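Below is one structure, written out as structure tokens, with a few remarks after it.
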Number of protein chains: 2
Amino acid sequence: MNHIKIIAFDADDTLWVNQNYFDEAEYRFRELLQEYIPYEDISHELLKIEIENMHLYGFGVKAFALSMVEAALKISDNKIDQKIIGQILELGKEILNKPVEMLDGVIQVIEQLHGKYKLIVVTKGDILDQERKLRKSGIEHYFHHIEIMSDKQVNDYRKLIKHLDCKPEDILMIGNSLKSDIIPVLDIGGYAAYVPYKSTWAHEKTEDKITSSRLIRIERITEILPYLI
Amino acid sequence: MNHIKIIAFDADDTLWVNQNYFDEAEYRFRELLQEYIPYEDISHELLKIEIENMHLYGFGVKAFALSMVEAALKISDNKIDQKIIGQILELGKEILNKPVEMLDGVIQVIEQLHGKYKLIVVTKGDILDQERKLRKSGIEHYFHHIEIMSDKQVNDYRKLIKHLDCKPEDILMIGNSLKSDIIPVLDIGGYAAYVPYKSTWAHEKTEDKITSSRLIRIERITEILPYLI
């Protein structure tokens with residue numbers, strides 16, 4: 001691993017809390033819609049619409065808010081009270097206004113790796129939202145830049161490698177999503193460190209049967225340090 | 001200008017048609033809302049909400065669609081027919097599904113500059129939408145990468161320069177917005193070529209009193225070639 005030059009950090013649920021805020025918004029969305037269809041079907045309908053819209057909207061809070069509005073119209077057969085549409089827009093804005101809650105050990109890891117590697121943030125959220133979080137995190141100055149990707153599949157990582165003018169084996173990606181942060185990076189020949197987070201978005205769930213000599217599995221982000229320093 | 005190494009192209013209304021599609025959607029939005037307030041006030045209300053939301057939503061089609069929904073609720077005092085909310089979401093999706101109509105001379109310019117400079121796209125739209133347009137344009141392979149910025153102010157261009165590991169005077173930005181593509185680039189010491197487009201979004205309008213030895217004013221994008229080759 002001593003040829004690694006660039007360490008790429010996933011942002012949401014790797015550097016800071018994120019999924020909880022979406023879960024919270026979705027919980028309130030279900031409450032707003034429960035008079036129309038059974039409570040337990042609402043998340044399923046929402047996810048279906050999110051996935052249908054993904055090729056147009058991509059990822060992030062704005063995509064989520066637009067899909068919630070669309071799902072509310074569909075679930076209620078256009079009978080939803082207009083005021084509730086306004087409340088749904090507010091659910092999206094609330095996520096965008098959340099404080100930034102750093103995950104344990106992140107600051108320590110970044111401080112220790114800074115100066116020894118080029119550190120970047122690699123995320124598929126909305127750029128303005130991710131910049132806001134990075135600025136509020138107090139660790140922005142340690143990073144070379146934020147890389148916004150439209151998706152995190154093999155081809156997107158190939159573009160990233162081209163953009164960084166490096167080889168796949170020069171990069172280590174650290175993240176909490178096997179599907180987005182780990183598998184495609186291993187597939188192109190890079191290194192990956194998997195740090196699971198307690199909650200995973202349904203769309204990111206995947207079976208974990210991966211083995212690779214370029215994969216490091218850790219429980220806490222600080223456990224990456226002995227591999228790198 | 002012979003130290004210029006990087007040529008940065010704004011995307012919308014510099015490489016391809018964009019504002020027309022937003023204007024068209026806004027025209028239809030006004031038609032949907034005209035029973036509630038005078039027709040000529042609708043765009044004003046919408047722009048006000050877009051500007052209020054900018055610090056949270058940033059730019060691009062998703063931000064526009066969310067602000068249209070919010071404006072419809074506000075303009076109608078929550079009386080808007082729910083089906084019309086669905087139609088407003090469709091207006092956003094239609095923009096995201098538009099064909100890519102390249103502006104005159106763009107392909108010729110890119111083909112001639114490729115190999116002589118590092119070419120990048122610098123835009124504040126939604127990444128997925130901009131990648132789609134670049135892919136459909138047929139000129140994607142000429143570009144080193146797309147740079148998505150949350151805004152195009154002086155500080156954003158400083159971040160770009162840091163990210164590109166270059167000096168401000170190494171870069172020439174070509175674009176149609178004085179406010180976003182030209183003034184901040186001149187302010188940090190870079191070069192800029194201004195190619196106006198026939199229609200400008202109200203938020204991008206600014207007074208044109210700029211003079212600088214690092215500013216090139218052209219009528220068509222092909223007029224930049226004699227400066228660079």
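Convention: chains lettered A, B, ... in structure tokens order; per-chain residue numbering from 1; ligands numbered from 1 as shown.
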Exercise for review: Pull out every residue of chain A sitting within 8 Å of chain B, counting only C-alpha atoms, and send them as a PyMOL selection string.
Suggested key: chain A and resi 56-58+62-63+65-66+70+73+78-80+82-83+86+89+93+96-97+126-129+131+144-145+148-150+159+162-163
Exercise for review: Run DSSP on the backbone of this structure and report the residues of region 6-206 of chain A it assigns to helix (DSSP H, G or I), as number ranges by chain.
Suggested key: A: 19-33, 39-57, 61-75, 82-96, 106-113, 127-137, 140-142, 154-163, 168-170, 178-187, 202-204
Based on the selection just made, write C-alpha atoms of those residues as a compact mmCIF listing (two decimals), in the first residue's frame.
# COMPACT_ATOMS: atom_id res chain seq x y z
CA GLN A 19 -28.81 9.11 6.86
CA ASN A 20 -30.47 9.83 10.22
CA TYR A 21 -31.72 13.17 8.85
CA PHE A 22 -33.22 11.52 5.78
CA ASP A 23 -34.76 8.80 7.96
CA GLU A 24 -36.26 11.46 10.21
CA ALA A 25 -37.74 13.34 7.23
CA GLU A 26 -39.13 10.12 5.81
CA TYR A 27 -40.69 9.26 9.17
CA ARG A 28 -42.54 12.59 9.12
CA PHE A 29 -43.45 12.10 5.46
CA ARG A 30 -45.10 8.80 6.38
CA GLU A 31 -47.09 10.50 9.13
CA LEU A 32 -48.33 13.13 6.66
CA LEU A 33 -49.49 10.48 4.18
CA TYR A 39 -48.33 3.34 6.79
CA GLU A 40 -45.86 0.56 5.93
CA ASP A 41 -46.41 0.97 2.15
CA ILE A 42 -45.47 4.65 2.07
CA SER A 43 -41.68 4.20 2.17
CA HIS A 44 -41.94 1.57 -0.54
CA GLU A 45 -43.90 3.96 -2.82
CA LEU A 46 -41.44 6.78 -2.13
CA LEU A 47 -38.39 4.62 -2.87
CA LYS A 48 -40.00 3.44 -6.11
CA ILE A 49 -40.43 7.03 -7.25
CA GLU A 50 -36.91 7.97 -6.10
CA ILE A 51 -35.48 5.13 -8.19
CA GLU A 52 -37.62 6.04 -11.22
CA ASN A 53 -36.37 9.64 -10.99
CA MET A 54 -32.72 8.79 -10.38
CA HIS A 55 -31.72 8.97 -14.06
CA LEU A 56 -33.05 12.55 -14.15
CA TYR A 57 -32.57 13.90 -10.63
CA VAL A 61 -31.67 16.47 -0.84
CA LYS A 62 -33.24 18.30 -3.80
CA ALA A 63 -33.87 15.01 -5.61
CA PHE A 64 -35.36 13.61 -2.39
CA ALA A 65 -37.66 16.62 -1.91
CA LEU A 66 -38.92 16.52 -5.50
CA SER A 67 -39.60 12.79 -5.23
CA MET A 68 -41.45 13.29 -1.92
CA VAL A 69 -43.76 15.85 -3.57
CA GLU A 70 -44.38 13.51 -6.50
CA ALA A 71 -44.99 10.55 -4.17
CA ALA A 72 -47.44 12.60 -2.07
CA LEU A 73 -49.48 13.43 -5.19
CA LYS A 74 -49.44 9.83 -6.33
CA ILE A 75 -50.17 8.22 -2.96
CA GLN A 82 -51.85 21.79 -0.55
CA LYS A 83 -50.50 22.91 2.83
CA ILE A 84 -48.94 19.48 3.24
CA ILE A 85 -47.04 19.99 -0.02
CA GLY A 86 -45.57 23.09 1.62
CA GLN A 87 -44.67 21.01 4.69
CA ILE A 88 -42.93 18.47 2.48
CA LEU A 89 -40.81 21.23 0.92
CA GLU A 90 -39.94 22.27 4.47
CA LEU A 91 -38.79 18.71 5.29
CA GLY A 92 -36.21 19.06 2.51
CA LYS A 93 -35.11 22.50 3.69
CA GLU A 94 -34.74 21.21 7.25
CA ILE A 95 -32.25 18.58 6.09
CA LEU A 96 -30.29 21.33 4.34
CA VAL A 106 -12.77 11.73 11.74
CA ILE A 107 -10.93 14.89 12.78
CA GLN A 108 -8.08 12.86 14.27
CA VAL A 109 -7.72 10.81 11.07
CA ILE A 110 -7.76 13.84 8.78
CA GLU A 111 -5.27 15.74 10.92
CA GLN A 112 -2.85 12.82 10.94
CA LEU A 113 -3.08 12.07 7.22
CA ILE A 127 -22.49 20.40 -4.17
CA LEU A 128 -23.83 23.39 -2.23
CA ASP A 129 -24.97 21.12 0.62
CA GLN A 130 -21.67 19.24 0.74
CA GLU A 131 -19.65 22.47 0.65
CA ARG A 132 -21.76 23.83 3.50
CA LYS A 133 -21.10 20.72 5.58
CA LEU A 134 -17.39 20.73 4.82
CA ARG A 135 -17.15 24.42 5.75
CA LYS A 136 -19.02 23.90 9.02
CA SER A 137 -16.95 20.80 9.82
CA GLU A 140 -12.19 22.04 4.97
CA HIS A 141 -8.60 23.38 4.79
CA TYR A 142 -7.16 19.86 5.04
CA VAL A 154 -17.20 1.97 -12.15
CA ASN A 155 -17.34 4.49 -14.98
CA ASP A 156 -17.62 7.42 -12.60
CA TYR A 157 -14.49 6.28 -10.76
CA ARG A 158 -12.68 5.86 -14.09
CA LYS A 159 -13.50 9.51 -14.81
CA LEU A 160 -12.23 10.45 -11.37
CA ILE A 161 -8.90 8.69 -12.00
CA LYS A 162 -8.56 10.51 -15.33
CA HIS A 163 -9.44 13.81 -13.69
CA PRO A 168 -6.10 3.39 -9.82
CA GLU A 169 -3.56 1.88 -7.39
CA ASP A 170 -2.57 5.38 -6.25
CA LEU A 178 -20.14 -1.20 -0.16
CA LYS A 179 -22.13 -0.53 -3.32
CA SER A 180 -20.91 3.02 -3.94
CA ASP A 181 -17.58 3.46 -2.17
CA ILE A 182 -16.00 0.01 -2.09
CA ILE A 183 -16.99 -2.41 -4.88
CA PRO A 184 -16.48 -0.08 -7.88
CA VAL A 185 -13.13 1.16 -6.51
CA LEU A 186 -11.88 -2.41 -6.09
CA ASP A 187 -13.21 -3.20 -9.58
CA ALA A 202 -32.38 1.02 1.12
CA HIS A 203 -30.99 1.90 -2.32
CA GLU A 204 -27.39 1.46 -1.09
Review point. Would you give me, as an NGL selection string, the residues in region 109-192 of chain B that DSSP reads as strand (DSSP E or B)?
Key: :B and (114 or 117-123 or 145-148 or 171-175 or 191-192)
Give me a file of those residues, with C-alpha atoms, as a PDB file, in the first residue's frame.
ATOM      1  CA  HIS B 114      -7.880  20.157 -28.027  1.00  0.00           C
ATOM      2  CA  TYR B 117      -4.645  23.276 -23.954  1.00  0.00           C
ATOM      3  CA  LYS B 118      -6.247  21.436 -21.065  1.00  0.00           C
ATOM      4  CA  LEU B 119      -9.968  21.941 -21.694  1.00  0.00           C
ATOM      5  CA  ILE B 120     -12.447  21.864 -18.834  1.00  0.00           C
ATOM      6  CA  VAL B 121     -16.149  22.627 -18.366  1.00  0.00           C
ATOM      7  CA  VAL B 122     -16.953  24.907 -15.435  1.00  0.00           C
ATOM      8  CA  THR B 123     -20.608  25.099 -14.473  1.00  0.00           C
ATOM      9  CA  HIS B 145     -13.200  16.964 -16.713  1.00  0.00           C
ATOM     10  CA  ILE B 146     -16.331  18.847 -15.664  1.00  0.00           C
ATOM     11  CA  GLU B 147     -15.931  21.128 -12.693  1.00  0.00           C
ATOM     12  CA  ILE B 148     -19.172  21.652 -10.782  1.00  0.00           C
ATOM     13  CA  ILE B 171      -6.471  30.104 -17.137  1.00  0.00           C
ATOM     14  CA  LEU B 172      -8.850  31.575 -19.711  1.00  0.00           C
ATOM     15  CA  MET B 173     -12.570  31.347 -18.961  1.00  0.00           C
ATOM     16  CA  ILE B 174     -15.023  31.577 -21.865  1.00  0.00           C
ATOM     17  CA  GLY B 175     -18.647  32.328 -21.018  1.00  0.00           C
ATOM     18  CA  TYR B 191      -8.206  35.844 -18.467  1.00  0.00           C
ATOM     19  CA  ALA B 192     -11.789  35.893 -19.688  1.00  0.00           C
TER      20      ALA B 192
END
